[in-house]
Amino acid sequence: MKSFDAIVIGAGQAGPFLAARMVEKGMKVALIERKFLGGTCVNTGCMPTKTLVASARAAHVTRSAAAYGVNIGGDIDIDMKVVRARAETVTMNARNGLIGWFAGMDGMSVIYGHARFEGPKTVSVNGESLSAPRIFLNVGARPVIPKLPGIDDIDYLTSTSIIRLDTLPRHLAVIGGSYIGLEFAQMYRRFGAEVSVIEHGPKLASREDEDISDAIAEILRSEGIDVHTDAGNIAFAGNGNGVSVTAGSAKIDASHVLIATGRKPNTDDLDLDAAGVVTDKRGYITVDDKLATNVEGIFALGDCNGRGAFTHTSYNDFEIAAANLLDGDDRKVSNRIPAYALYIDPPLGRVGMTEKQARESGRRIMVSTRPMSRVGRANERGETKGFMKVIADAETKEILGAAILGIEGDEVIHGLIDAMNAGTTYPALKWSVPIHPTVSELIPTLLGDLKPV
């Protein structure tokens, strides 16, 4: 049996960086990965998909060039093999960067294989037993495949497999109207496919306020995407051209089907019972405010703990664990203010509470909205879809949450993220002097328009 100071299982956005910090402290660390370094973000998530989003935007801007006085002439052509190759290059550069980084790190043993617990301090991988007083799980999540009629009789795509497509679908049916599905829907519409989005619930992006969801749907419909909400009795049947999709009264003749109905943690094949690690009914590993499981010395980081589903929350889990275990700090997951983005174009940047959540909290709240059509930068760029929204506490003057759906919304939101993390009240931001012309310059104006609701 080989002994280490720590074992990290899974090489996503938390484990490798924590392993590197421990090695810097002179520890001997085993990093176990069953497939590729970098996890979902590098290999099947953020990096390849946002590279594809960039290609899709280039196609959209090219088609719109005449409105800016730029005449290209003729139809544009999308080379999906080049599109795919570009995304693959971005992934491989990042993955190889990690490989090179770890190769030059004394004290780090990178082991490729499937780890399973033998006990609370011991795991087996490739037929060999490894032990350590601390074990960190960063095993991520994978797409959920719902049990829908006919699904076992068709070929379908997931967010993992669709990025390998090098041909353009004739008609892509996206099952699921949340963040992943919507990004692929707009992307493939801009590449030139017909696209239908089928959502079982009453609105797209269900965690958002209704006005945000409605605006997202309008953005997608304006680009020719067919949106079906409240779609009951979804079923599939193969036909000569692909797949017939039934969703309530709608019938769609699709060439390809993308299943984007959520994700589940990769915890079902780790033999967690052998270590006594507790999970919830969905398979997420139960952790406390410092990411410790119920078993002393075992921690869960990233998507598998159910405390965040983003690259940045996984990385923050690393920061919390490193601060507490290596730096003598006292950081907690509950201190994290939730923030994320939806990468349709224009993007949605979000932080903190929605208006619905703020109302339900029982606080006296203030709300301000501003259409992007009243933002100079948006008009100059000819991209005026969407709006800004901020929610504040009428008594404490705290900023409770915000949504920026519009041009550069994923960047603009960071001013409010930083203010909320610093505990800055909204009156203090009202007097900041921003740079003109930017989208962010409207934040003080937005805050100045807050009114009780």
# chains A, B, ... in the order shown; residues from 1 in each chain; ligands from 1

$ residues_around --residues "region 293-301 of chain A" --least-positions-apart "4" --cutoff "10 Å" --atoms "only C-alpha atoms" --output "count of residues only"
43

$ select_by_dssp --residues "region 162-382 of chain A" --states "alpha helix (DSSP H)" --output "VMD selection string"
chain A and resid 179 to 191 210 to 222 272 to 275 311 to 326 355 to 360 376 to 381

$ atom_distance --atom1 "CA of Ile365 (chain A)" --atom2 "CA of Val351 (chain A)"
16.0 Å

$ residues_around --residues "region 379-393 of chain A" --least-positions-apart "4" --cutoff "9 Å" --atoms "only C-alpha atoms" --output "ChimeraX atom specification"
/A:67-68,212,215-216,219,346,348,353-355,358,363-375,397-407,409,425-426,443,446-447,450

$ residues_around --residues "Arg21 (chain A)" --least-positions-apart "4" --cutoff "8 Å" --atoms "only C-alpha atoms" --output "PyMOL selection string"
chain A and resi 17+25+322

$ write_last_selection --atoms "N, CA, C and O atoms" --output "PDB file, in the first residue's frame"
ATOM      1  N   PHE A  17      -5.871  22.405  -7.950  1.00  0.00           N
ATOM      2  CA  PHE A  17      -5.293  23.597  -7.333  1.00  0.00           C
ATOM      3  C   PHE A  17      -5.037  23.377  -5.845  1.00  0.00           C
ATOM      4  O   PHE A  17      -4.040  23.864  -5.295  1.00  0.00           O
ATOM      5  N   LYS A  25       3.366  23.107   0.230  1.00  0.00           N
ATOM      6  CA  LYS A  25       3.603  23.023   1.667  1.00  0.00           C
ATOM      7  C   LYS A  25       4.481  21.836   2.038  1.00  0.00           C
ATOM      8  O   LYS A  25       4.681  21.546   3.221  1.00  0.00           O
ATOM      9  N   ALA A 322      -8.411  25.431   1.153  1.00  0.00           N
ATOM     10  CA  ALA A 322      -7.004  25.797   1.329  1.00  0.00           C
ATOM     11  C   ALA A 322      -6.839  26.809   2.448  1.00  0.00           C
ATOM     12  O   ALA A 322      -5.914  26.717   3.268  1.00  0.00           O
TER      13      ALA A 322
END

$ closest_residue --among "A:Asp327, A:Asp230, A:Asp269, A:Glu223" --to "His200 (chain A)" --atoms "only C-alpha atoms"
A:Asp230

$ residues_around --residues "Ile234 (chain A)" --least-positions-apart "2" --cutoff "7 Å" --atoms "only C-alpha atoms" --output "PyMOL selection string"
chain A and resi 148+231-232+246-248

$ residues_around --residues "region 28-43 of chain A" --least-positions-apart "4" --cutoff "9 Å" --atoms "only C-alpha atoms" --output "PyMOL selection string"
chain A and resi 3-13+15-16+19-20+22-23+47-48+88+90-92+94-96+98-99+106-115+125+130+132+138-142+160+310-311

$ closest_residue --among "A:Lys81, A:Lys50, A:Lys203, A:Lys147" --to "Phe236 (chain A)" --atoms "only C-alpha atoms"
A:Lys147

$ select_by_dssp --residues "region 15-211 of chain A" --states "strand (DSSP E)" --output "ChimeraX atom specification"
/A:29-33,108-112,116-119,122-125,128-131,134-137,141-143,171-175,194-198

$ atom_distance --atom1 "CA of Val82 (chain A)" --atom2 "CA of Ser255 (chain A)"
21.3 Å

$ closest_residue --among "A:Leu182, A:Val197, A:Ile162, A:Ile154" --to "Gly242 (chain A)" --atoms "only C-alpha atoms"
A:Ile154

$ closest_residue --among "A:Ser129, A:Gln357, A:Thr122, A:Ser161" --to "Arg84 (chain A)" --atoms "only C-alpha atoms"
A:Ser161

$ decode --residues "region 67-95 of chain A" --atoms "N, CA, C and O atoms" --output "tab-separated table (two decimals), in the first residue's frame"
chain	number	residue	atom	x	y	z
A	67	ALA	N	-26.04	46.18	-41.77
A	67	ALA	CA	-26.65	47.21	-40.94
A	67	ALA	C	-25.62	48.19	-40.40
A	67	ALA	O	-25.97	49.30	-40.00
A	68	TYR	N	-24.37	47.78	-40.41
A	68	TYR	CA	-23.27	48.65	-39.94
A	68	TYR	C	-22.52	49.29	-41.11
A	68	TYR	O	-21.48	49.90	-40.92
A	69	GLY	N	-23.07	49.10	-42.30
A	69	GLY	CA	-22.42	49.67	-43.48
A	69	GLY	C	-21.29	48.83	-44.03
A	69	GLY	O	-20.49	49.31	-44.84
A	70	VAL	N	-21.24	47.57	-43.62
A	70	VAL	CA	-20.20	46.66	-44.10
A	70	VAL	C	-20.86	45.65	-45.03
A	70	VAL	O	-21.64	44.81	-44.58
A	71	ASN	N	-20.58	45.72	-46.31
A	71	ASN	CA	-21.22	44.85	-47.30
A	71	ASN	C	-20.30	43.68	-47.66
A	71	ASN	O	-19.22	43.87	-48.20
A	72	ILE	N	-20.76	42.49	-47.31
A	72	ILE	CA	-19.98	41.29	-47.58
A	72	ILE	C	-20.46	40.63	-48.87
A	72	ILE	O	-19.67	40.21	-49.70
A	73	GLY	N	-21.75	40.53	-49.03
A	73	GLY	CA	-22.33	39.96	-50.25
A	73	GLY	C	-22.42	38.44	-50.19
A	73	GLY	O	-21.47	37.76	-49.79
A	74	GLY	N	-23.57	37.94	-50.57
A	74	GLY	CA	-23.77	36.49	-50.64
A	74	GLY	C	-24.01	35.87	-49.27
A	74	GLY	O	-23.91	36.52	-48.23
A	75	ASP	N	-24.35	34.58	-49.31
A	75	ASP	CA	-24.58	33.85	-48.06
A	75	ASP	C	-23.24	33.48	-47.42
A	75	ASP	O	-22.27	33.17	-48.12
A	76	ILE	N	-23.21	33.47	-46.10
A	76	ILE	CA	-22.00	33.02	-45.43
A	76	ILE	C	-22.04	31.50	-45.31
A	76	ILE	O	-23.11	30.88	-45.31
A	77	ASP	N	-20.89	30.91	-45.20
A	77	ASP	CA	-20.77	29.46	-45.11
A	77	ASP	C	-20.12	29.10	-43.78
A	77	ASP	O	-19.12	29.69	-43.39
A	78	ILE	N	-20.71	28.14	-43.08
A	78	ILE	CA	-20.17	27.69	-41.79
A	78	ILE	C	-19.45	26.36	-42.00
A	78	ILE	O	-20.07	25.38	-42.44
A	79	ASP	N	-18.18	26.31	-41.70
A	79	ASP	CA	-17.40	25.07	-41.79
A	79	ASP	C	-17.37	24.46	-40.39
A	79	ASP	O	-16.54	24.83	-39.55
A	80	MET	N	-18.27	23.52	-40.13
A	80	MET	CA	-18.39	22.95	-38.80
A	80	MET	C	-17.16	22.16	-38.39
A	80	MET	O	-16.87	22.03	-37.19
A	81	LYS	N	-16.41	21.65	-39.34
A	81	LYS	CA	-15.17	20.95	-38.99
A	81	LYS	C	-14.15	21.92	-38.40
A	81	LYS	O	-13.45	21.60	-37.43
A	82	VAL	N	-14.08	23.12	-38.96
A	82	VAL	CA	-13.17	24.14	-38.42
A	82	VAL	C	-13.69	24.64	-37.07
A	82	VAL	O	-12.91	24.85	-36.13
A	83	VAL	N	-15.00	24.82	-36.97
A	83	VAL	CA	-15.61	25.25	-35.71
A	83	VAL	C	-15.27	24.27	-34.60
A	83	VAL	O	-14.82	24.64	-33.50
A	84	ARG	N	-15.46	22.98	-34.89
A	84	ARG	CA	-15.17	21.96	-33.88
A	84	ARG	C	-13.68	21.92	-33.56
A	84	ARG	O	-13.28	21.82	-32.39
A	85	ALA	N	-12.84	21.99	-34.58
A	85	ALA	CA	-11.40	21.92	-34.37
A	85	ALA	C	-10.90	23.07	-33.50
A	85	ALA	O	-10.00	22.90	-32.67
A	86	ARG	N	-11.48	24.24	-33.70
A	86	ARG	CA	-11.09	25.40	-32.90
A	86	ARG	C	-11.41	25.17	-31.42
A	86	ARG	O	-10.59	25.46	-30.54
A	87	ALA	N	-12.60	24.65	-31.14
A	87	ALA	CA	-12.98	24.36	-29.76
A	87	ALA	C	-12.08	23.28	-29.16
A	87	ALA	O	-11.67	23.37	-27.99
A	88	GLU	N	-11.76	22.29	-29.97
A	88	GLU	CA	-10.90	21.20	-29.48
A	88	GLU	C	-9.50	21.71	-29.17
A	88	GLU	O	-8.86	21.30	-28.20
A	89	THR	N	-9.00	22.64	-29.98
A	89	THR	CA	-7.68	23.22	-29.74
A	89	THR	C	-7.64	23.97	-28.41
A	89	THR	O	-6.67	23.85	-27.64
A	90	VAL	N	-8.68	24.74	-28.12
A	90	VAL	CA	-8.74	25.47	-26.86
A	90	VAL	C	-8.72	24.50	-25.68
A	90	VAL	O	-8.01	24.70	-24.69
A	91	THR	N	-9.49	23.41	-25.80
A	91	THR	CA	-9.51	22.40	-24.75
A	91	THR	C	-8.14	21.75	-24.57
A	91	THR	O	-7.64	21.61	-23.45
A	92	MET	N	-7.54	21.33	-25.66
A	92	MET	CA	-6.26	20.61	-25.58
A	92	MET	C	-5.15	21.50	-25.04
A	92	MET	O	-4.28	21.04	-24.29
A	93	ASN	N	-5.17	22.78	-25.39
A	93	ASN	CA	-4.16	23.70	-24.86
A	93	ASN	C	-4.27	23.79	-23.34
A	93	ASN	O	-3.26	23.80	-22.62
A	94	ALA	N	-5.50	23.89	-22.85
A	94	ALA	CA	-5.70	23.98	-21.40
A	94	ALA	C	-5.34	22.66	-20.72
A	94	ALA	O	-4.66	22.65	-19.68
A	95	ARG	N	-5.79	21.55	-21.29
A	95	ARG	CA	-5.50	20.25	-20.68
A	95	ARG	C	-4.00	19.98	-20.66
A	95	ARG	O	-3.44	19.53	-19.64
